[in-house]
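What's in start.cif: mmCIF, C-alpha atoms
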data_my_file
loop_
_atom_site.group_PDB
_atom_site.id
_atom_site.type_symbol
_atom_site.label_atom_id
_atom_site.label_comp_id
_atom_site.auth_asym_id
_atom_site.auth_seq_id
_atom_site.Cartn_x
_atom_site.Cartn_y
_atom_site.Cartn_z
ATOM 1 C CA MET A 16 25.991 21.852 79.107
ATOM 2 C CA SER A 17 23.420 24.378 80.337
ATOM 3 C CA SER A 18 20.012 24.197 78.695
ATOM 4 C CA GLU A 19 19.928 28.012 78.477
ATOM 5 C CA ASN A 20 20.187 29.599 75.062
ATOM 6 C CA LEU A 21 23.688 30.333 73.887
ATOM 7 C CA PRO A 22 24.601 33.877 72.773
ATOM 8 C CA GLY A 23 23.243 34.481 69.286
ATOM 9 C CA GLU A 24 21.040 31.368 69.373
ATOM 10 C CA ASP A 25 17.573 31.813 67.868
ATOM 11 C CA ARG A 26 15.017 31.782 70.717
ATOM 12 C CA ARG A 27 11.982 32.012 68.432
ATOM 13 C CA PRO A 28 9.461 29.196 67.929
ATOM 14 C CA ALA A 29 10.070 27.119 64.802
ATOM 15 C CA ALA A 30 7.282 28.806 62.824
ATOM 16 C CA GLU A 31 8.518 32.275 63.717
ATOM 17 C CA ALA A 32 12.166 31.307 63.101
ATOM 18 C CA ALA A 33 11.214 30.549 59.499
ATOM 19 C CA THR A 34 10.388 34.226 58.942
ATOM 20 C CA PRO A 35 13.098 35.671 56.667
ATOM 21 C CA PHE A 36 15.485 38.101 58.339
ATOM 22 C CA ARG A 37 15.520 41.498 56.639
ATOM 23 C CA SER A 38 18.333 44.021 56.805
ATOM 24 C CA GLY A 39 19.395 47.149 54.996
ATOM 25 C CA PHE A 40 19.909 50.883 54.935
ATOM 26 C CA CYS A 41 17.598 53.903 54.788
ATOM 27 C CA ALA A 42 19.054 57.352 54.032
ATOM 28 C CA LEU A 43 17.271 60.393 55.459
ATOM 29 C CA VAL A 44 17.598 63.385 53.130
ATOM 30 C CA GLY A 45 16.054 66.816 52.967
ATOM 31 C CA ARG A 46 16.634 70.522 53.355
ATOM 32 C CA PRO A 47 18.383 71.804 56.506
ATOM 33 C CA ASN A 48 16.192 71.617 59.627
ATOM 34 C CA ALA A 49 13.720 69.171 58.074
ATOM 35 C CA GLY A 50 13.925 67.051 61.241
ATOM 36 C CA LYS A 51 16.294 64.248 60.185
ATOM 37 C CA SER A 52 18.377 64.074 63.355
ATOM 38 C CA THR A 53 15.344 64.433 65.623
ATOM 39 C CA LEU A 54 13.741 61.486 63.827
ATOM 40 C CA VAL A 55 16.900 59.400 64.214
ATOM 41 C CA ASN A 56 16.930 60.055 67.962
ATOM 42 C CA ALA A 57 13.238 59.155 68.230
ATOM 43 C CA CYS A 58 13.822 55.893 66.346
ATOM 44 C CA VAL A 59 16.767 54.739 68.497
ATOM 45 C CA GLY A 60 15.310 56.105 71.727
ATOM 46 C CA THR A 61 18.386 58.064 72.798
ATOM 47 C CA HIS A 62 20.173 61.357 72.139
ATOM 48 C CA LEU A 63 22.605 60.133 69.506
ATOM 49 C CA ALA A 64 22.431 62.697 66.688
ATOM 50 C CA ILE A 65 22.957 66.324 67.674
ATOM 51 C CA THR A 66 20.154 68.816 67.093
ATOM 52 C CA SER A 67 19.722 72.594 67.229
ATOM 53 C CA PRO A 68 17.623 75.308 65.560
ATOM 54 C CA VAL A 69 20.661 76.239 63.450
ATOM 55 C CA SER A 70 20.738 75.057 59.823
ATOM 56 C CA GLN A 71 23.544 72.658 58.838
ATOM 57 C CA THR A 72 23.697 71.266 62.380
ATOM 58 C CA THR A 73 24.389 67.817 60.908
ATOM 59 C CA ARG A 74 27.762 67.808 59.174
ATOM 60 C CA LYS A 75 28.774 64.160 59.300
ATOM 61 C CA ARG A 76 26.984 61.045 58.151
ATOM 62 C CA LEU A 77 25.756 59.037 61.109
ATOM 63 C CA ARG A 78 24.490 55.473 60.944
ATOM 64 C CA ALA A 79 21.998 54.564 63.657
ATOM 65 C CA VAL A 80 21.203 50.871 64.106
ATOM 66 C CA ILE A 81 17.733 49.579 64.984
ATOM 67 C CA ASN A 82 17.703 45.902 65.927
ATOM 68 C CA ARG A 83 14.611 43.712 65.948
ATOM 69 C CA ARG A 84 14.178 39.962 66.163
ATOM 70 C CA ASP A 85 13.457 39.680 62.460
ATOM 71 C CA ALA A 86 15.259 42.712 61.069
ATOM 72 C CA GLN A 87 18.065 45.218 61.308
ATOM 73 C CA LEU A 88 17.429 48.707 59.948
ATOM 74 C CA VAL A 89 20.332 51.137 59.600
ATOM 75 C CA LEU A 90 19.252 54.783 59.388
ATOM 76 C CA VAL A 91 21.756 57.066 57.664
ATOM 77 C CA ASP A 92 21.459 60.649 58.932
ATOM 78 C CA THR A 93 22.869 63.016 56.302
ATOM 79 C CA PRO A 94 23.685 66.752 56.221
ATOM 80 C CA GLY A 95 20.884 68.997 54.995
ATOM 81 C CA LEU A 96 21.069 69.587 51.241
ATOM 82 C CA HIS A 97 21.540 73.247 50.373
ATOM 83 C CA LYS A 98 23.193 75.601 47.892
ATOM 84 C CA PRO A 99 26.875 75.503 48.918
ATOM 85 C CA LYS A 100 28.847 78.716 49.467
ATOM 86 C CA ASP A 101 32.259 77.265 50.368
ATOM 87 C CA SER A 102 34.343 74.066 50.580
ATOM 88 C CA LEU A 103 32.451 72.979 53.676
ATOM 89 C CA GLY A 104 29.102 73.306 51.896
ATOM 90 C CA ASP A 105 30.422 71.334 48.928
ATOM 91 C CA ALA A 106 31.608 68.579 51.267
ATOM 92 C CA LEU A 107 28.272 68.372 53.093
ATOM 93 C CA ASN A 108 26.313 68.064 49.849
ATOM 94 C CA ARG A 109 28.652 65.348 48.567
ATOM 95 C CA GLN A 110 28.203 63.377 51.778
ATOM 96 C CA ALA A 111 24.417 63.504 51.507
ATOM 97 C CA LEU A 112 24.146 62.784 47.778
ATOM 98 C CA ALA A 113 26.663 59.924 47.946
ATOM 99 C CA GLU A 114 24.201 57.912 50.049
ATOM 100 C CA LEU A 115 21.407 57.867 47.469
ATOM 101 C CA ASP A 116 22.909 55.141 45.309
ATOM 102 C CA ASP A 117 24.043 52.878 48.159
ATOM 103 C CA VAL A 118 20.908 52.360 50.256
ATOM 104 C CA ASP A 119 17.757 50.274 50.011
ATOM 105 C CA VAL A 120 15.359 53.059 51.008
ATOM 106 C CA VAL A 121 15.524 56.853 50.684
ATOM 107 C CA ALA A 122 13.269 58.909 52.960
ATOM 108 C CA HIS A 123 12.765 62.485 51.740
ATOM 109 C CA LEU A 124 11.795 64.624 54.729
ATOM 110 C CA ILE A 125 9.733 67.769 54.178
ATOM 111 C CA ASP A 126 8.866 70.111 57.039
ATOM 112 C CA ALA A 127 5.098 70.469 57.388
ATOM 113 C CA THR A 128 5.477 74.087 58.527
ATOM 114 C CA ARG A 129 7.531 75.374 55.572
ATOM 115 C CA ASP A 130 6.186 75.867 52.056
ATOM 116 C CA VAL A 131 7.397 73.321 49.532
ATOM 117 C CA GLY A 132 9.844 75.239 47.394
ATOM 118 C CA ARG A 133 12.779 75.088 45.002
ATOM 119 C CA GLY A 134 15.063 73.570 47.634
ATOM 120 C CA ASP A 135 12.668 70.664 48.128
ATOM 121 C CA ALA A 136 12.333 70.256 44.354
ATOM 122 C CA TRP A 137 16.124 70.117 43.991
ATOM 123 C CA VAL A 138 16.358 67.395 46.655
ATOM 124 C CA ALA A 139 13.443 65.510 45.089
ATOM 125 C CA ALA A 140 15.161 65.518 41.686
ATOM 126 C CA HIS A 141 18.124 63.675 43.209
ATOM 127 C CA VAL A 142 15.824 61.333 45.134
ATOM 128 C CA GLY A 143 13.953 60.545 41.921
ATOM 129 C CA ARG A 144 17.166 59.325 40.270
ATOM 130 C CA SER A 145 17.999 56.957 43.110
ATOM 131 C CA PRO A 146 17.381 53.233 42.498
ATOM 132 C CA ALA A 147 16.173 52.864 46.098
ATOM 133 C CA VAL A 148 12.594 52.665 47.353
ATOM 134 C CA LYS A 149 11.414 56.249 47.830
ATOM 135 C CA LEU A 150 9.455 57.402 50.880
ATOM 136 C CA LEU A 151 7.968 60.847 51.396
ATOM 137 C CA LEU A 152 7.925 61.904 55.058
ATOM 138 C CA ILE A 153 6.001 64.979 56.153
ATOM 139 C CA THR A 154 7.609 65.941 59.484
ATOM 140 C CA LYS A 155 6.690 68.137 62.482
ATOM 141 C CA ALA A 156 3.010 67.201 62.221
ATOM 142 C CA ASP A 157 2.550 68.196 65.871
ATOM 143 C CA ILE A 158 2.909 71.902 65.023
ATOM 144 C CA ALA A 159 0.959 71.947 61.746
ATOM 145 C CA SER A 160 -2.791 71.815 61.178
ATOM 146 C CA PRO A 161 -4.302 68.789 59.391
ATOM 147 C CA GLU A 162 -5.167 71.060 56.465
ATOM 148 C CA ARG A 163 -1.567 72.220 56.246
ATOM 149 C CA VAL A 164 -0.273 68.650 56.317
ATOM 150 C CA THR A 165 -2.671 67.636 53.532
ATOM 151 C CA ALA A 166 -1.538 70.585 51.414
ATOM 152 C CA GLN A 167 2.103 69.649 51.965
ATOM 153 C CA ILE A 168 1.482 66.076 50.863
ATOM 154 C CA GLU A 169 -0.263 67.223 47.691
ATOM 155 C CA ALA A 170 2.484 69.696 46.828
ATOM 156 C CA ALA A 171 5.319 67.272 47.610
ATOM 157 C CA GLN A 172 3.853 64.398 45.601
ATOM 158 C CA GLU A 173 4.277 66.520 42.480
ATOM 159 C CA LEU A 174 8.059 66.510 42.965
ATOM 160 C CA ALA A 175 9.024 62.826 42.578
ATOM 161 C CA PRO A 176 7.557 59.324 42.108
ATOM 162 C CA TYR A 177 7.373 58.293 45.780
ATOM 163 C CA ASP A 178 6.508 54.697 46.668
ATOM 164 C CA ASP A 179 4.901 55.563 50.004
ATOM 165 C CA VAL A 180 3.867 58.602 52.054
ATOM 166 C CA LEU A 181 3.944 58.990 55.838
ATOM 167 C CA VAL A 182 3.230 61.788 58.289
ATOM 168 C CA VAL A 183 5.335 61.826 61.465
ATOM 169 C CA SER A 184 6.105 63.858 64.568
ATOM 170 C CA ALA A 185 9.421 62.785 66.028
ATOM 171 C CA ARG A 186 9.071 65.022 69.070
ATOM 172 C CA GLU A 187 5.681 63.551 69.965
ATOM 173 C CA GLY A 188 6.585 60.021 68.841
ATOM 174 C CA PHE A 189 3.691 60.028 66.393
ATOM 175 C CA ASN A 190 4.053 57.342 63.691
ATOM 176 C CA VAL A 191 7.759 56.781 64.460
ATOM 177 C CA ASP A 192 7.223 53.025 64.827
ATOM 178 C CA GLY A 193 5.111 53.117 61.685
ATOM 179 C CA PHE A 194 8.007 54.688 59.800
ATOM 180 C CA ILE A 195 10.362 51.946 61.025
ATOM 181 C CA ASP A 196 7.848 49.250 60.033
ATOM 182 C CA VAL A 197 7.464 50.668 56.520
ATOM 183 C CA CYS A 198 11.237 50.885 56.060
ATOM 184 C CA ILE A 199 11.729 47.294 57.186
ATOM 185 C CA SER A 200 8.969 46.079 54.877
ATOM 186 C CA HIS A 201 11.012 47.366 51.930
ATOM 187 C CA LEU A 202 14.338 45.807 53.014
ATOM 188 C CA PRO A 203 15.747 42.713 51.292
ATOM 189 C CA GLU A 204 16.620 39.508 53.115
ATOM 190 C CA GLY A 205 20.107 39.767 54.535
ATOM 191 C CA PRO A 206 22.424 39.441 57.547
ATOM 192 C CA ARG A 207 22.963 41.700 60.546
ATOM 193 C CA TRP A 208 25.459 44.204 59.206
ATOM 194 C CA PHE A 209 26.195 45.474 62.728
ATOM 195 C CA GLY A 210 26.333 43.695 66.080
ATOM 196 C CA ALA A 211 23.049 43.361 67.948
ATOM 197 C CA ASP A 212 24.476 45.501 70.771
ATOM 198 C CA MET A 213 25.446 48.417 68.483
ATOM 199 C CA ASP A 214 23.311 51.537 68.120
ATOM 200 C CA SER A 215 25.701 53.497 65.878
ATOM 201 C CA ASP A 216 28.894 53.290 63.829
ATOM 202 C CA VAL A 217 30.168 56.597 65.245
ATOM 203 C CA THR A 218 33.430 56.517 67.210
ATOM 204 C CA ASP A 219 33.698 57.955 70.714
ATOM 205 C CA GLU A 220 36.001 60.672 69.363
ATOM 206 C CA GLU A 221 33.410 61.713 66.774
ATOM 207 C CA LEU A 222 30.711 61.795 69.433
ATOM 208 C CA VAL A 223 32.865 64.088 71.577
ATOM 209 C CA ALA A 224 33.400 66.526 68.693
ATOM 210 C CA GLU A 225 29.716 66.579 67.768
ATOM 211 C CA PHE A 226 28.379 66.923 71.313
ATOM 212 C CA VAL A 227 30.740 69.822 71.995
ATOM 213 C CA ARG A 228 29.679 71.502 68.740
ATOM 214 C CA GLU A 229 26.021 70.990 69.644
ATOM 215 C CA GLN A 230 26.497 72.970 72.853
ATOM 216 C CA VAL A 231 28.311 75.728 70.937
ATOM 217 C CA LEU A 232 25.339 75.986 68.570
ATOM 218 C CA LEU A 233 22.840 76.106 71.419
ATOM 219 C CA ALA A 234 24.867 78.661 73.405
ATOM 220 C CA THR A 235 25.735 81.138 70.659
ATOM 221 C CA ASN A 236 22.542 81.288 68.565
ATOM 222 C CA ASP A 237 23.332 83.136 65.302
ATOM 223 C CA GLU A 238 26.636 84.684 66.393
ATOM 224 C CA ILE A 239 29.186 82.070 65.284
ATOM 225 C CA PRO A 240 27.643 78.592 64.653
ATOM 226 C CA HIS A 241 28.676 78.068 61.022
ATOM 227 C CA ALA A 242 32.240 79.201 61.745
ATOM 228 C CA THR A 243 32.666 76.462 64.357
ATOM 229 C CA GLY A 244 34.438 73.137 63.911
ATOM 230 C CA VAL A 245 35.554 70.731 66.634
ATOM 231 C CA ILE A 246 38.275 68.081 66.806
ATOM 232 C CA CYS A 247 38.714 65.587 69.639
ATOM 233 C CA ASP A 248 42.479 65.698 70.199
ATOM 234 C CA GLU A 249 42.657 62.966 72.816
ATOM 235 C CA LEU A 250 40.341 60.468 74.478
ATOM 236 C CA ARG A 251 42.048 58.332 77.104
ATOM 237 C CA TRP A 252 40.205 55.715 79.142
ATOM 238 C CA THR A 253 41.546 55.088 82.642
ATOM 239 C CA LYS A 254 41.597 51.770 84.488
ATOM 240 C CA ASP A 255 38.523 52.727 86.491
ATOM 241 C CA ALA A 256 36.492 53.316 83.275
ATOM 242 C CA HIS A 257 36.737 57.102 83.488
ATOM 243 C CA ALA A 258 37.626 59.112 80.383
ATOM 244 C CA SER A 259 40.018 62.043 80.049
ATOM 245 C CA ILE A 260 39.240 64.114 76.948
ATOM 246 C CA ARG A 261 40.864 67.092 75.220
ATOM 247 C CA ALA A 262 39.096 68.843 72.352
ATOM 248 C CA THR A 263 39.727 71.969 70.281
ATOM 249 C CA ILE A 264 36.996 74.289 69.021
ATOM 250 C CA TYR A 265 38.003 76.084 65.806
ATOM 251 C CA VAL A 266 36.593 79.470 64.831
ATOM 252 C CA GLU A 267 37.501 81.919 62.072
ATOM 253 C CA ARG A 268 38.032 85.205 63.931
ATOM 254 C CA SER A 269 39.485 86.411 67.221
ATOM 255 C CA SER A 270 36.163 88.079 68.049
ATOM 256 C CA GLN A 271 34.443 84.681 67.791
ATOM 257 C CA LYS A 272 37.039 83.182 70.130
ATOM 258 C CA ALA A 273 36.306 85.918 72.655
ATOM 259 C CA ILE A 274 32.558 85.163 72.476
ATOM 260 C CA LEU A 275 33.159 81.446 73.046
ATOM 261 C CA ILE A 276 35.446 82.001 76.014
ATOM 262 C CA GLY A 277 33.164 84.616 77.586
ATOM 263 C CA ALA A 278 33.786 86.907 80.526
ATOM 264 C CA GLY A 279 36.227 85.195 82.851
ATOM 265 C CA GLY A 280 35.831 81.964 80.888
ATOM 266 C CA SER A 281 32.133 81.672 81.762
ATOM 267 C CA MET A 282 30.908 80.670 78.292
ATOM 268 C CA ILE A 283 33.478 77.936 77.646
ATOM 269 C CA ARG A 284 32.901 76.498 81.134
ATOM 270 C CA SER A 285 29.157 76.338 80.505
ATOM 271 C CA ILE A 286 29.643 74.689 77.100
ATOM 272 C CA GLY A 287 32.054 72.175 78.620
ATOM 273 C CA THR A 288 29.764 71.321 81.528
ATOM 274 C CA LYS A 289 26.732 70.674 79.302
ATOM 275 C CA ALA A 290 28.742 68.680 76.744
ATOM 276 C CA ARG A 291 30.316 66.595 79.524
ATOM 277 C CA ARG A 292 26.928 65.767 81.064
ATOM 278 C CA ALA A 293 25.510 64.712 77.689
ATOM 279 C CA LEU A 294 28.545 62.532 76.970
ATOM 280 C CA GLU A 295 28.449 60.959 80.428
ATOM 281 C CA ALA A 296 24.807 60.019 79.903
ATOM 282 C CA LEU A 297 25.525 58.514 76.479
ATOM 283 C CA LEU A 298 28.797 56.737 77.326
ATOM 284 C CA ASP A 299 27.741 55.793 80.881
ATOM 285 C CA ALA A 300 31.070 56.945 82.331
ATOM 286 C CA ARG A 301 32.613 59.730 84.378
ATOM 287 C CA ILE A 302 34.384 62.213 82.098
ATOM 288 C CA TYR A 303 36.975 64.964 82.459
ATOM 289 C CA LEU A 304 36.645 67.350 79.494
ATOM 290 C CA ASP A 305 39.258 69.986 78.615
ATOM 291 C CA LEU A 306 38.177 72.444 75.896
ATOM 292 C CA ARG A 307 40.378 74.897 74.023
ATOM 293 C CA VAL A 308 39.485 77.506 71.398
ATOM 294 C CA GLN A 309 41.718 78.198 68.403
ATOM 295 C CA VAL A 310 41.436 80.637 65.485
ATOM 296 C CA SER A 311 41.868 79.203 61.966
ATOM 297 C CA ARG A 312 40.956 81.966 59.560
ATOM 298 C CA HIS A 313 38.521 81.055 56.763
ATOM 299 C CA TRP A 314 38.811 77.338 57.508
ATOM 300 C CA ARG A 315 35.485 76.631 55.774
ATOM 301 C CA LYS A 316 37.048 77.696 52.453
ATOM 302 C CA ASP A 317 40.152 75.574 53.032
ATOM 303 C CA ALA A 318 39.507 72.098 51.577
ATOM 304 C CA GLU A 319 42.438 70.621 53.521
ATOM 305 C CA MET A 320 41.135 71.980 56.829
ATOM 306 C CA VAL A 321 37.641 70.752 55.985
ATOM 307 C CA ARG A 322 39.073 67.254 55.511
ATOM 308 C CA GLU A 323 41.061 67.511 58.744
ATOM 309 C CA LEU A 324 37.846 68.259 60.601
ATOM 310 C CA GLY A 325 36.354 65.126 59.036
ATOM 311 C CA TYR A 326 33.697 66.786 56.868
ATOM 312 C CA ASP A 327 34.883 65.663 53.437
ATOM 313 C CA LEU A 328 34.760 62.511 51.351
ATOM 314 C CA GLU A 329 37.466 61.251 49.065
ATOM 315 C CA GLU A 330 36.664 61.986 45.446
ATOM 316 C CA GLU A 331 35.541 58.902 43.541
#

Show me this structure written as structure tokens.
Amino acid sequence: MSSENLPGEDRRPAAEAATPFRSGFCALVGRPNAGKSTLVNACVGTHLAITSPVSQTTRKRLRAVINRRDAQLVLVDTPGLHKPKDSLGDALNRQALAELDDVDVVAHLIDATRDVGRGDAWVAAHVGRSPAVKLLLITKADIASPERVTAQIEAAQELAPYDDVLVVSAREGFNVDGFIDVCISHLPEGPRWFGADMDSDVTDEELVAEFVREQVLLATNDEIPHATGVICDELRWTKDAHASIRATIYVERSSQKAILIGAGGSMIRSIGTKARRALEALLDARIYLDLRVQVSRHWRKDAEMVRELGYDLEEE
């Protein structure tokens, strides 16, 4: 038999191999646009979680897996916590809050550039009731002065009994590794919950829907983002490892459909081209993407439609 290491065999020296393996989950929570998805992408080193300047960009829980020799950290990206106005808002809050009791670490993200307010206090109250280790993360440090960051830390520490405080800039990569190290230090001994080659638990179909929605958000600014939902209707892999994809973009009014399609179909072609390129880079495959736009009036207030779009959890 070959003397090379077998798959999964421990290649560490005996002394290092004795180091206990740590594994567990860290939920990222905070107000909309606190920087959760940007931090996830910085931690995994790839564009996995969609981002945009629009609040409530994140609608589905995403688990991103960080593998190290001695640890596996699973980051849980959650929707921004906010005062809900419809069935969709209720579903997003339930998704985020449901994570607080089932993780080892909770990281409460607070934007360094926005005053600590009632929304942060409401999130902190839920964080304070979690049995998990509690981290306070001051984000976007690259666009805030040191004095501002210090003031944010002082104001935020009044909100909950945090176990540790960190300042990060995901866009600049500042203290991202430090955040991962702190999270891992608080994890219990345990197994690899996900394969060493996995970076997420998201299906290809979910990635398609989210990447298409990301391009809608970026293309339409404040015109229709919150009225948009996307379903991947079909994803078929061919023998030559190409993918043929059909997806439907749902909006609430005919006028929104007209905006998305654009003059002569220019807008929908642009959205499709950018989404296809992003998916090809992530999936490392050639992709044919067919997008359609459909009106479903007031779908955000329709609990059944919210579930169909995958934004709801079953009631406990």

Exercise: residues within 12 Å of coordinate (8.2, 67.7, 65.1), counting only C-alpha atoms, as a ChimeraX atom specification: /A:48-54,56-57,124-128,152-159,182-191

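The smallest atom-to-atom distance between A:Ala140 and any of A:Glu169, A:Leu202, A:Gly210, A:Gly45, using only C-alpha atoms, is found for A:Gly45.
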
Here is a test: counting only C-alpha atoms, which residue of A:Ala166, A:Val266, A:Val89, A:Ala296 is nearest to A:Met320? A:Val266

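Each of A:His241, A:Arg228, A:Lys254, A:Arg315 was checked against A:Ile286 using all atoms listed in the file; the smallest atom-to-atom distance is that of A:Arg228.
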
Which residue out of A:Ile246, A:Ala234, A:Leu174, A:Val308 has the minimum interatomic distance to A:Glu323 when all atoms listed in the file are used? A:Ile246
